[in-house]
$ cat protein11.txt   # compact mmCIF, C-alpha atoms and all ligand atoms
# COMPACT_ATOMS: atom_id res chain seq x y z
CA MET X 19 0.00 0.00 0.00
CA ASN X 20 1.33 3.41 -0.95
CA THR X 21 0.30 5.68 1.93
CA ALA X 22 1.23 9.35 1.94
CA THR X 23 3.07 11.05 4.79
CA ILE X 24 1.73 14.59 5.03
CA ARG X 25 3.24 17.38 7.16
CA SER X 26 2.81 21.15 7.05
CA ALA X 27 4.30 24.38 8.41
CA CYS X 28 2.79 27.81 9.04
CA ALA X 29 3.41 31.32 7.67
CA LYS X 30 4.62 34.15 9.91
CA VAL X 31 4.52 37.90 10.47
CA ILE X 32 7.01 40.15 12.22
CA LEU X 33 5.22 42.16 14.93
CA CYS X 34 8.17 44.52 15.32
CA GLY X 35 11.93 44.74 14.95
CA GLU X 36 12.52 43.54 11.36
CA HIS X 37 15.78 44.63 9.69
CA ALA X 38 17.32 45.77 13.01
CA VAL X 39 17.14 42.09 14.03
CA VAL X 40 19.72 41.31 11.33
CA TYR X 41 22.12 43.53 13.36
CA GLY X 42 21.63 41.80 16.71
CA ARG X 43 18.64 43.78 18.00
CA PRO X 44 15.56 41.94 19.33
CA ALA X 45 12.38 41.34 17.34
CA ILE X 46 8.99 39.74 17.94
CA ALA X 47 7.43 37.37 15.40
CA LEU X 48 4.12 35.50 15.31
CA PRO X 49 3.02 32.35 13.49
CA LEU X 50 0.00 32.41 11.19
CA PRO X 51 -1.32 28.87 11.79
CA GLY X 52 -4.14 29.28 9.25
CA LEU X 53 -1.81 29.86 6.30
CA ARG X 54 0.40 26.85 5.48
CA ALA X 55 2.83 25.04 3.21
CA THR X 56 2.20 21.29 2.91
CA ALA X 57 4.65 18.53 1.99
CA THR X 58 3.58 15.01 1.01
CA ALA X 59 6.08 12.15 0.89
CA THR X 60 4.95 9.07 -1.07
CA ALA X 61 6.91 5.85 -1.55
CA ARG X 62 7.85 4.88 -5.10
CA GLU X 63 7.82 1.20 -5.98
CA PRO X 64 11.22 -0.23 -6.90
CA GLY X 65 11.11 -0.43 -10.67
CA ASP X 66 8.92 2.69 -11.04
CA ASP X 67 12.00 4.42 -12.43
CA ALA X 68 15.75 3.94 -12.62
CA ARG X 69 16.57 6.35 -9.79
CA ALA X 70 15.94 4.30 -6.66
CA ASP X 71 18.65 6.32 -4.87
CA ASP X 72 17.00 9.67 -5.56
CA VAL X 73 14.09 11.84 -4.45
CA ASP X 74 11.53 12.94 -7.01
CA VAL X 75 10.63 16.54 -6.10
CA ILE X 76 7.36 18.04 -7.34
CA ALA X 77 6.34 21.65 -6.70
CA PRO X 78 3.27 22.34 -8.86
CA ASP X 79 2.87 25.91 -7.52
CA ILE X 80 6.15 26.90 -9.19
CA ASN X 81 5.75 24.46 -12.08
CA ALA X 82 8.80 22.46 -11.05
CA ARG X 83 9.66 18.74 -11.07
CA TYR X 84 13.21 17.50 -10.71
CA TRP X 85 15.48 14.87 -9.15
CA MET X 86 17.04 15.99 -5.88
CA ARG X 87 20.53 14.71 -6.72
CA LEU X 88 20.55 16.25 -10.20
CA GLN X 89 19.66 19.74 -8.90
CA PRO X 90 21.15 19.86 -5.40
CA GLY X 91 21.31 23.67 -5.37
CA ARG X 92 17.54 24.10 -5.42
CA PRO X 93 16.10 25.06 -2.02
CA ILE X 94 13.75 22.07 -1.70
CA ALA X 95 16.46 19.63 -2.83
CA ARG X 96 18.79 21.18 -0.27
CA ILE X 97 16.39 20.88 2.67
CA ILE X 98 15.59 17.24 1.81
CA GLN X 99 19.29 16.38 1.61
CA LEU X 100 20.03 18.24 4.86
CA THR X 101 17.19 16.37 6.57
CA LEU X 102 18.32 12.96 5.28
CA THR X 103 21.81 13.66 6.60
CA ARG X 104 20.41 14.83 9.95
CA ILE X 105 18.37 11.65 10.43
CA GLY X 106 21.20 9.40 9.19
CA MET X 107 19.29 8.15 6.15
CA SER X 108 20.81 7.47 2.71
CA PRO X 109 20.26 5.08 -0.21
CA GLU X 110 22.90 2.78 1.33
CA HIS X 111 20.84 2.40 4.52
CA ALA X 112 18.85 -0.85 4.93
CA ASP X 113 15.65 1.15 5.61
CA TRP X 114 15.95 3.42 2.55
CA ARG X 115 12.86 3.61 0.35
CA PRO X 116 12.72 5.80 -2.75
CA PHE X 117 10.08 8.51 -2.46
CA THR X 118 8.44 11.46 -4.12
CA LEU X 119 8.16 14.69 -2.18
CA SER X 120 5.41 16.99 -3.35
CA LEU X 121 5.00 20.54 -2.04
CA THR X 122 2.07 22.90 -2.21
CA SER X 123 1.56 26.15 -0.37
CA ASP X 124 -1.16 28.68 0.42
CA ILE X 125 1.53 31.22 1.37
CA PRO X 126 2.23 33.80 -1.32
CA VAL X 127 5.89 33.90 -2.39
CA GLY X 128 7.90 37.11 -1.94
CA ALA X 129 5.21 38.58 0.32
CA ASN X 130 7.22 38.61 3.57
CA LEU X 131 5.08 35.86 5.09
CA GLY X 132 7.88 33.33 5.50
CA SER X 133 6.99 31.14 2.52
CA GLY X 134 10.61 29.96 2.12
CA ALA X 135 10.96 28.94 5.77
CA ALA X 136 7.53 27.27 5.78
CA THR X 137 8.37 25.26 2.65
CA SER X 138 11.64 24.12 4.24
CA VAL X 139 10.08 23.15 7.56
CA ALA X 140 7.19 21.28 5.90
CA ALA X 141 9.61 19.39 3.62
CA ALA X 142 11.93 18.51 6.53
CA ARG X 143 9.00 17.31 8.66
CA ALA X 144 7.59 15.10 5.87
CA THR X 145 11.00 13.66 4.93
CA ALA X 146 11.82 12.77 8.55
CA ALA X 147 8.32 11.37 9.17
CA PHE X 148 8.51 9.23 6.02
CA PHE X 149 11.39 7.39 7.71
CA GLY X 150 9.55 7.25 11.06
CA GLN X 151 11.40 10.13 12.69
CA ALA X 152 10.35 13.47 14.18
CA LEU X 153 12.68 16.45 14.43
CA SER X 154 12.60 18.95 17.31
CA PRO X 155 11.73 22.61 16.60
CA GLU X 156 15.40 23.45 17.29
CA ASP X 157 16.57 20.94 14.66
CA LEU X 158 13.97 22.03 12.12
CA SER X 159 14.91 25.65 12.64
CA ALA X 160 18.63 24.94 12.20
CA LEU X 161 18.04 22.98 8.97
CA ALA X 162 15.72 25.63 7.53
CA PHE X 163 18.26 28.33 8.44
CA GLU X 164 20.77 26.72 6.07
CA VAL X 165 18.28 27.16 3.24
CA GLU X 166 17.33 30.70 4.33
CA ARG X 167 20.97 31.57 3.73
CA MET X 168 20.46 30.64 0.09
CA HIS X 169 17.47 33.02 -0.17
CA HIS X 170 19.37 35.97 1.25
CA GLY X 171 22.93 36.05 2.44
CA THR X 172 22.51 37.44 5.94
CA PRO X 173 19.26 36.16 7.47
CA SER X 174 18.83 36.76 11.19
CA GLY X 175 17.17 33.35 11.62
CA ILE X 176 13.86 34.80 12.86
CA ASP X 177 11.72 33.32 10.04
CA ASN X 178 12.92 29.73 10.43
CA THR X 179 12.62 30.05 14.23
CA VAL X 180 9.02 31.27 14.41
CA VAL X 181 7.93 28.83 11.71
CA ALA X 182 9.64 25.81 13.30
CA PHE X 183 8.35 26.60 16.82
CA GLU X 184 4.92 27.78 15.58
CA GLN X 185 4.71 30.04 18.64
CA PRO X 186 5.05 33.80 19.10
CA VAL X 187 8.73 34.44 19.79
CA TRP X 188 11.01 37.07 21.22
CA PHE X 189 14.08 36.61 19.04
CA VAL X 190 17.68 37.77 19.26
CA ARG X 191 20.08 36.49 16.63
CA GLY X 192 22.20 33.57 17.84
CA GLN X 193 20.17 33.02 21.03
CA PRO X 194 17.44 30.48 21.77
CA PRO X 195 14.02 32.07 21.24
CA GLU X 196 11.78 33.02 24.15
CA ILE X 197 8.13 32.04 23.72
CA LEU X 198 5.88 35.10 24.14
CA ALA X 199 2.50 33.44 24.55
CA ALA X 200 0.70 36.78 25.16
CA ALA X 201 1.24 37.76 21.53
CA GLY X 202 -0.86 34.80 20.37
CA ALA X 203 -4.07 36.50 21.53
CA LEU X 204 -3.70 39.61 19.35
CA ALA X 205 -6.40 40.40 16.77
CA LEU X 206 -4.09 41.23 13.89
CA VAL X 207 -5.24 41.90 10.35
CA ILE X 208 -2.72 41.29 7.58
CA GLY X 209 -3.05 43.10 4.26
CA ASP X 210 -1.19 42.19 1.07
CA THR X 211 -0.16 45.01 -1.26
CA GLY X 212 0.05 42.46 -4.09
CA GLU X 213 3.59 43.62 -4.86
CA SER X 214 6.29 41.04 -4.24
CA THR X 215 9.96 41.68 -3.56
CA PRO X 216 12.50 39.04 -2.54
CA THR X 217 13.72 39.75 1.02
CA ARG X 218 17.33 39.91 -0.12
CA VAL X 219 16.67 43.19 -1.99
CA PRO X 220 15.65 45.45 0.93
CA VAL X 221 18.00 43.56 3.28
CA GLY X 222 20.88 44.20 0.86
CA ASP X 223 19.95 47.87 0.50
CA VAL X 224 19.86 48.36 4.27
CA ARG X 225 23.26 46.66 4.54
CA ALA X 226 24.74 48.96 1.88
CA ALA X 227 23.33 52.03 3.66
CA TRP X 228 24.65 50.80 7.04
CA GLN X 229 28.10 50.26 5.52
CA ARG X 230 28.06 53.82 4.17
CA ASP X 231 26.98 55.34 7.50
CA PRO X 232 27.23 52.84 10.37
CA VAL X 233 26.81 55.47 13.10
CA ALA X 234 23.47 56.75 11.78
CA TYR X 235 22.13 53.28 11.00
CA ASP X 236 23.19 51.76 14.32
CA ALA X 237 21.34 54.62 16.02
CA LEU X 238 18.21 53.78 14.00
CA PHE X 239 18.54 50.09 14.88
CA ASP X 240 18.87 51.07 18.56
CA GLN X 241 15.68 53.15 18.32
CA ILE X 242 13.89 50.15 16.83
CA ALA X 243 15.26 47.93 19.63
CA ARG X 244 13.80 50.31 22.24
CA LEU X 245 10.40 50.06 20.55
CA VAL X 246 10.57 46.26 20.54
CA ILE X 247 11.23 46.30 24.30
CA GLN X 248 8.28 48.69 24.75
CA ALA X 249 6.14 46.38 22.62
CA ARG X 250 6.98 43.42 24.83
CA ASP X 251 6.17 45.43 27.97
CA ALA X 252 2.85 46.50 26.43
CA LEU X 253 2.05 42.90 25.47
CA LEU X 254 2.78 41.60 28.94
CA ALA X 255 0.64 44.39 30.47
CA ASN X 256 -2.09 43.72 27.87
CA ASP X 257 -1.92 47.43 26.99
CA LEU X 258 -3.11 47.28 23.36
CA PRO X 259 -3.11 51.08 22.74
CA ALA X 260 0.55 51.24 23.87
CA LEU X 261 1.37 48.30 21.60
CA GLY X 262 -0.34 50.05 18.69
CA ASP X 263 1.71 53.21 19.33
CA THR X 264 4.96 51.25 19.17
CA MET X 265 3.85 49.64 15.90
CA ASN X 266 3.17 53.07 14.37
CA ALA X 267 6.54 54.36 15.58
CA ASN X 268 8.26 51.24 14.22
CA HIS X 269 6.65 51.83 10.82
CA ALA X 270 7.98 55.40 10.78
CA LEU X 271 11.52 54.12 11.45
CA LEU X 272 11.15 51.53 8.68
CA GLN X 273 10.17 54.37 6.37
CA THR X 274 13.40 56.12 7.38
CA LEU X 275 15.26 52.91 6.48
CA THR X 276 13.50 53.24 3.05
CA VAL X 277 12.08 49.72 3.18
CA SER X 278 8.43 50.77 3.16
CA ASN X 279 6.78 51.96 -0.04
CA ALA X 280 3.65 53.77 -1.22
CA GLY X 281 1.50 50.62 -1.26
CA LEU X 282 2.43 49.66 2.30
CA ASP X 283 2.02 53.24 3.56
CA ALA X 284 -1.44 53.45 1.96
CA LEU X 285 -2.64 50.22 3.58
CA CYS X 286 -1.28 51.33 6.98
CA ALA X 287 -3.12 54.65 6.62
CA ALA X 288 -6.35 52.86 5.68
CA ALA X 289 -6.10 50.58 8.71
CA ARG X 290 -5.50 53.50 11.04
CA GLY X 291 -8.41 55.32 9.40
CA ALA X 292 -10.61 52.34 10.34
CA GLY X 293 -9.54 52.72 13.96
CA ALA X 294 -6.66 50.21 14.07
CA LEU X 295 -4.65 50.80 17.24
CA GLY X 296 -1.45 50.57 15.19
CA ALA X 297 -0.27 49.54 11.73
CA LYS X 298 3.08 48.82 10.14
CA MET X 299 4.75 47.03 7.29
CA SER X 300 5.92 43.55 8.29
CA GLY X 301 9.03 41.69 7.16
CA GLY X 302 11.43 42.74 4.43
CA GLY X 303 9.18 45.41 2.91
CA ARG X 304 9.08 47.21 -0.50
CA GLY X 305 5.75 45.49 -1.03
CA GLY X 306 4.41 42.34 0.53
CA ASN X 307 2.33 42.56 3.66
CA MET X 308 1.47 44.97 6.44
CA ILE X 309 -0.17 44.24 9.79
CA ALA X 310 -2.75 46.18 11.75
CA LEU X 311 -3.75 45.75 15.38
CA ALA X 312 -7.51 45.67 15.94
CA ARG X 313 -9.24 45.99 19.30
CA ASP X 314 -10.99 42.60 18.98
CA ASP X 315 -12.38 40.20 16.37
CA GLY X 316 -15.41 42.35 15.53
CA HIS X 317 -13.21 45.37 14.93
CA ALA X 318 -10.78 43.20 12.93
CA ALA X 319 -13.59 42.54 10.43
CA SER X 320 -14.03 46.28 9.77
CA VAL X 321 -10.27 46.85 9.53
CA ALA X 322 -10.17 44.00 6.99
CA ASP X 323 -12.95 45.68 4.96
CA ALA X 324 -11.03 48.98 5.00
CA LEU X 325 -7.88 47.21 3.75
CA ARG X 326 -9.79 45.58 0.91
CA ALA X 327 -11.36 48.91 -0.01
CA ALA X 328 -7.87 50.46 -0.08
CA GLY X 329 -6.70 47.86 -2.60
CA ALA X 330 -5.29 44.99 -0.52
CA THR X 331 -5.18 41.97 -2.82
CA ARG X 332 -5.55 39.53 0.09
CA VAL X 333 -6.43 39.97 3.73
CA TYR X 334 -5.71 37.45 6.49
CA ARG X 335 -6.43 37.31 10.21
CA SER X 336 -3.98 36.15 12.86
CA ARG X 337 -6.67 34.13 14.63
C1 LIG X 401 12.34 38.95 7.38
O1 LIG X 401 11.17 38.28 7.83
C2 LIG X 401 12.88 39.83 8.47
C3 LIG X 401 14.13 40.62 8.10
O2 LIG X 401 14.54 41.25 9.31
C4 LIG X 401 15.22 39.74 7.57
C5 LIG X 401 15.81 38.80 8.60
O3 LIG X 401 15.62 38.99 9.80
O4 LIG X 401 16.51 37.86 8.19
C6 LIG X 401 13.83 41.70 7.09
$ encode --input "protein11.txt" --output "structure tokens" --more "lines below"
Ligand code: MEV
Amino acid sequence: MNTATIRSACAKVILCGEHAVVYGRPAIALPLPGLRATATATAREPGDDARADDVDVIAPDINARYWMRLQPGRPIARIIQLTLTRIGMSPEHADWRPFTLSLTSDIPVGANLGSGAATSVAAARATAAFFGQALSPEDLSALAFEVERMHHGTPSGIDNTVVAFEQPVWFVRGQPPEILAAAGALALVIGDTGESTPTRVPVGDVRAAWQRDPVAYDALFDQIARLVIQARDALLANDLPALGDTMNANHALLQTLTVSNAGLDALCAAARGAGALGAKMSGGGRGGNMIALARDDGHAASVADALRAAGATRVYRSR
């Protein structure tokens, strides 16, 4: 019988602290459990093809099908190989079975919602589970981080961490994450500008600007770090208006870093116009998604309507 092993991983948003987090400042990120990438591992019968030592990778969303060993530089091939190595599995192993790994995702690509990290974590989970193993969030995060480095050269590690743990996290580069359960209760509305930019572009531009003027940029990163600390205090005190204020102030600093754009600014303005307590771009920027803090679920519905009316191509809710 050819049963399928199916595993998935969630999308994410950055509540505050993006970009500065690349430079060692703290940031807070939240999972979006309702938006997921799904990986399905299915055994191939010996004799189905001549590549019993290989993995057949199928990604219909990006119109791709290839053999892992023939295209080892592709992100999905890389995460499968990293996972096989981590669990000690190879074609030489007595328990090896050839398989097909198929990946689909509801998470838009290049929209700052962690689609790359979610794809990696889903693929790693399904590959390990196919051979009867389960990886810890720490292991999954470390494996996905290797692939994140292919997407952009200097990732902080926040995306793979929040996706692998599927919990709100307080994150500082190089340190174990702290789970910030209070952030899970927020009524966030996420609005997509419909413009997509690979994270490496704004991250590279910020790096170039920092290299030109490290004093000014370090001061901006420090200002962002202070806001992230204020955001955590507000979260722990359940002071939503204070949290909203820090989000607005964080957005202004991201504008100064030039990673926001007209589409993101317009959606933030629309959300605030609908009474959102705070609104900001989220993630790499220059398009992609913004987040708005609503008072509660009922209010989130009217913020969502305002975002749609202002041109958001998709709107999601954090809960
Ligand atoms: C991407 O979700 C967040 C950035 O800070 C990049 C990173 O931390 O690697 C823009």
$ closest_residue --input "protein11.txt" --among "X:Thr101, X:Phe149, X:Thr118, X:Thr60" --to "Trp85 of chain X" --atoms "all atoms listed in the file"
X:Thr118
$ residues_near_point --input "protein11.txt" --point "(12.9, 19.5, 13.0)" --cutoff "12 Å" --atoms "only C-alpha atoms" --output "CSV table (one decimal) with C-alpha atoms, in the coordinates of the input"
chain,number,residue,atom,x,y,z
X,25,ARG,CA,3.2,17.4,7.2
X,26,SER,CA,2.8,21.2,7.0
X,27,ALA,CA,4.3,24.4,8.4
X,97,ILE,CA,16.4,20.9,2.7
X,98,ILE,CA,15.6,17.2,1.8
X,100,LEU,CA,20.0,18.2,4.9
X,101,THR,CA,17.2,16.4,6.6
X,102,LEU,CA,18.3,13.0,5.3
X,104,ARG,CA,20.4,14.8,10.0
X,105,ILE,CA,18.4,11.6,10.4
X,136,ALA,CA,7.5,27.3,5.8
X,138,SER,CA,11.6,24.1,4.2
X,139,VAL,CA,10.1,23.2,7.6
X,140,ALA,CA,7.2,21.3,5.9
X,141,ALA,CA,9.6,19.4,3.6
X,142,ALA,CA,11.9,18.5,6.5
X,143,ARG,CA,9.0,17.3,8.7
X,144,ALA,CA,7.6,15.1,5.9
X,145,THR,CA,11.0,13.7,4.9
X,146,ALA,CA,11.8,12.8,8.6
X,147,ALA,CA,8.3,11.4,9.2
X,151,GLN,CA,11.4,10.1,12.7
X,152,ALA,CA,10.4,13.5,14.2
X,153,LEU,CA,12.7,16.4,14.4
X,154,SER,CA,12.6,19.0,17.3
X,155,PRO,CA,11.7,22.6,16.6
X,156,GLU,CA,15.4,23.4,17.3
X,157,ASP,CA,16.6,20.9,14.7
X,158,LEU,CA,14.0,22.0,12.1
X,159,SER,CA,14.9,25.6,12.6
X,160,ALA,CA,18.6,24.9,12.2
X,161,LEU,CA,18.0,23.0,9.0
X,162,ALA,CA,15.7,25.6,7.5
X,163,PHE,CA,18.3,28.3,8.4
X,178,ASN,CA,12.9,29.7,10.4
X,179,THR,CA,12.6,30.0,14.2
X,181,VAL,CA,7.9,28.8,11.7
X,182,ALA,CA,9.6,25.8,13.3
X,183,PHE,CA,8.4,26.6,16.8
X,184,GLU,CA,4.9,27.8,15.6
$ residues_around --input "protein11.txt" --residues "Pro44 of chain X" --least-positions-apart "4" --cutoff "7 Å" --atoms "all atoms listed in the file" --output "list in words"
Gly35, Val39, Trp188, Phe189, Val190, Ala243 and Val246 of chain X
$ residues_near_ligand --input "protein11.txt" --ligand "ligand LIG 401 (chain X)" --cutoff "6 Å" --atoms "all atoms listed in the file" --output "number ranges by chain"
X: 36-37, 39-40, 130, 173-177, 221, 301-302
$ residues_around --input "protein11.txt" --residues "Met299 of chain X" --least-positions-apart "2" --cutoff "7 Å" --atoms "only C-alpha atoms" --output "list in words"
His269, Ser278, Leu282, Gly301, Gly303, Asn307, Met308 and Ile309 of chain X
$ closest_residue --input "protein11.txt" --among "X:Pro93, X:Ile247, X:Asn279, X:Leu33" --to "Ala297 of chain X" --atoms "all atoms listed in the file"
X:Leu33
$ atom_distance --input "protein11.txt" --atom1 "atom CA of Ala203 of chain X" --atom2 "atom CA of Leu253 of chain X"
9.7 Å
$ atom_distance --input "protein11.txt" --atom1 "atom CA of Ala294 of chain X" --atom2 "atom CA of Arg43 of chain X"
26.4 Å
$ residues_around --input "protein11.txt" --residues "Trp114 of chain X" --least-positions-apart "3" --cutoff "10 Å" --atoms "only C-alpha atoms" --output "ChimeraX atom specification"
/X:70-71,107-111,117,149
$ atom_distance --input "protein11.txt" --atom1 "atom CA of Ala234 of chain X" --atom2 "atom CA of Asp251 of chain X"
26.3 Å
$ residues_around --input "protein11.txt" --residues "Gln89 of chain X" --least-positions-apart "3" --cutoff "12 Å" --atoms "only C-alpha atoms" --output "ChimeraX atom specification"
/X:72-75,82-86,92-96,98-99
$ residues_around --input "protein11.txt" --residues "Thr211 of chain X" --least-positions-apart "2" --cutoff "9 Å" --atoms "only C-alpha atoms" --output "JSON, numbers by chain"
{"X": [129, 209, 213, 214, 281, 282, 285, 305, 306, 307, 308, 329, 330, 331, 332]}
$ closest_residue --input "protein11.txt" --among "X:Ala318, X:Ala135, X:Ala292, X:Val224" --to "Thr274 of chain X" --atoms "only C-alpha atoms"
X:Val224
$ closest_residue --input "protein11.txt" --among "X:Val187, X:Ala47, X:Leu295, X:Ala310" --to "Leu258 of chain X" --atoms "all atoms listed in the file"
X:Leu295
$ closest_residue --input "protein11.txt" --among "X:Asn256, X:Ala289, X:Val165, X:Leu325" --to "Pro90 of chain X" --atoms "all atoms listed in the file"
X:Val165
$ residues_near_point --input "protein11.txt" --point "(7.0, 36.8, 19.3)" --cutoff "8 Å" --atoms "all atoms listed in the file" --output "PDB file with C-alpha atoms, in the coordinates of the input"
ATOM      1  CA  ILE X  32       7.010  40.150  12.220  1.00  0.00           C
ATOM      2  CA  LEU X  33       5.220  42.160  14.930  1.00  0.00           C
ATOM      3  CA  ALA X  45      12.380  41.340  17.340  1.00  0.00           C
ATOM      4  CA  ILE X  46       8.990  39.740  17.940  1.00  0.00           C
ATOM      5  CA  ALA X  47       7.430  37.370  15.400  1.00  0.00           C
ATOM      6  CA  LEU X  48       4.120  35.500  15.310  1.00  0.00           C
ATOM      7  CA  VAL X 180       9.020  31.270  14.410  1.00  0.00           C
ATOM      8  CA  GLN X 185       4.710  30.040  18.640  1.00  0.00           C
ATOM      9  CA  PRO X 186       5.050  33.800  19.100  1.00  0.00           C
ATOM     10  CA  VAL X 187       8.730  34.440  19.790  1.00  0.00           C
ATOM     11  CA  TRP X 188      11.010  37.070  21.220  1.00  0.00           C
ATOM     12  CA  PHE X 189      14.080  36.610  19.040  1.00  0.00           C
ATOM     13  CA  GLU X 196      11.780  33.020  24.150  1.00  0.00           C
ATOM     14  CA  ILE X 197       8.130  32.040  23.720  1.00  0.00           C
ATOM     15  CA  LEU X 198       5.880  35.100  24.140  1.00  0.00           C
ATOM     16  CA  ALA X 199       2.500  33.440  24.550  1.00  0.00           C
ATOM     17  CA  ALA X 201       1.240  37.760  21.530  1.00  0.00           C
TER      18      ALA X 201
END
$ closest_residue --input "protein11.txt" --among "X:Gly132, X:Cys34, X:Ala29, X:Ala319" --to "Ala267 of chain X" --atoms "all atoms listed in the file"
X:Cys34
$ decode --input "protein11.txt" --residues "segment 228-239 of chain X" --atoms "N, CA and C atoms" --output "PDB file, in the first residue's frame"
ATOM      1  N   TRP X 228      23.972  50.923   5.739  1.00  0.00           N
ATOM      2  CA  TRP X 228      24.652  50.800   7.043  1.00  0.00           C
ATOM      3  C   TRP X 228      26.178  50.867   6.853  1.00  0.00           C
ATOM      4  N   GLN X 229      26.644  50.224   5.764  1.00  0.00           N
ATOM      5  CA  GLN X 229      28.095  50.257   5.521  1.00  0.00           C
ATOM      6  C   GLN X 229      28.573  51.666   5.184  1.00  0.00           C
ATOM      7  N   ARG X 230      27.686  52.443   4.504  1.00  0.00           N
ATOM      8  CA  ARG X 230      28.058  53.820   4.169  1.00  0.00           C
ATOM      9  C   ARG X 230      28.065  54.698   5.409  1.00  0.00           C
ATOM     10  N   ASP X 231      27.121  54.459   6.333  1.00  0.00           N
ATOM     11  CA  ASP X 231      26.982  55.339   7.499  1.00  0.00           C
ATOM     12  C   ASP X 231      26.606  54.513   8.736  1.00  0.00           C
ATOM     13  N   PRO X 232      27.562  53.748   9.260  1.00  0.00           N
ATOM     14  CA  PRO X 232      27.228  52.843  10.372  1.00  0.00           C
ATOM     15  C   PRO X 232      26.726  53.572  11.608  1.00  0.00           C
ATOM     16  N   VAL X 233      27.215  54.774  11.870  1.00  0.00           N
ATOM     17  CA  VAL X 233      26.809  55.473  13.097  1.00  0.00           C
ATOM     18  C   VAL X 233      25.312  55.788  13.037  1.00  0.00           C
ATOM     19  N   ALA X 234      24.879  56.367  11.918  1.00  0.00           N
ATOM     20  CA  ALA X 234      23.470  56.746  11.783  1.00  0.00           C
ATOM     21  C   ALA X 234      22.575  55.508  11.806  1.00  0.00           C
ATOM     22  N   TYR X 235      22.992  54.458  11.091  1.00  0.00           N
ATOM     23  CA  TYR X 235      22.126  53.277  10.999  1.00  0.00           C
ATOM     24  C   TYR X 235      22.090  52.491  12.307  1.00  0.00           C
ATOM     25  N   ASP X 236      23.225  52.436  13.012  1.00  0.00           N
ATOM     26  CA  ASP X 236      23.191  51.763  14.317  1.00  0.00           C
ATOM     27  C   ASP X 236      22.264  52.506  15.274  1.00  0.00           C
ATOM     28  N   ALA X 237      22.242  53.846  15.153  1.00  0.00           N
ATOM     29  CA  ALA X 237      21.343  54.625  16.019  1.00  0.00           C
ATOM     30  C   ALA X 237      19.876  54.299  15.685  1.00  0.00           C
ATOM     31  N   LEU X 238      19.582  54.158  14.392  1.00  0.00           N
ATOM     32  CA  LEU X 238      18.210  53.781  14.003  1.00  0.00           C
ATOM     33  C   LEU X 238      17.858  52.384  14.519  1.00  0.00           C
ATOM     34  N   PHE X 239      18.808  51.453  14.397  1.00  0.00           N
ATOM     35  CA  PHE X 239      18.542  50.086  14.884  1.00  0.00           C
ATOM     36  C   PHE X 239      18.317  50.115  16.399  1.00  0.00           C
TER      37      PHE X 239
END
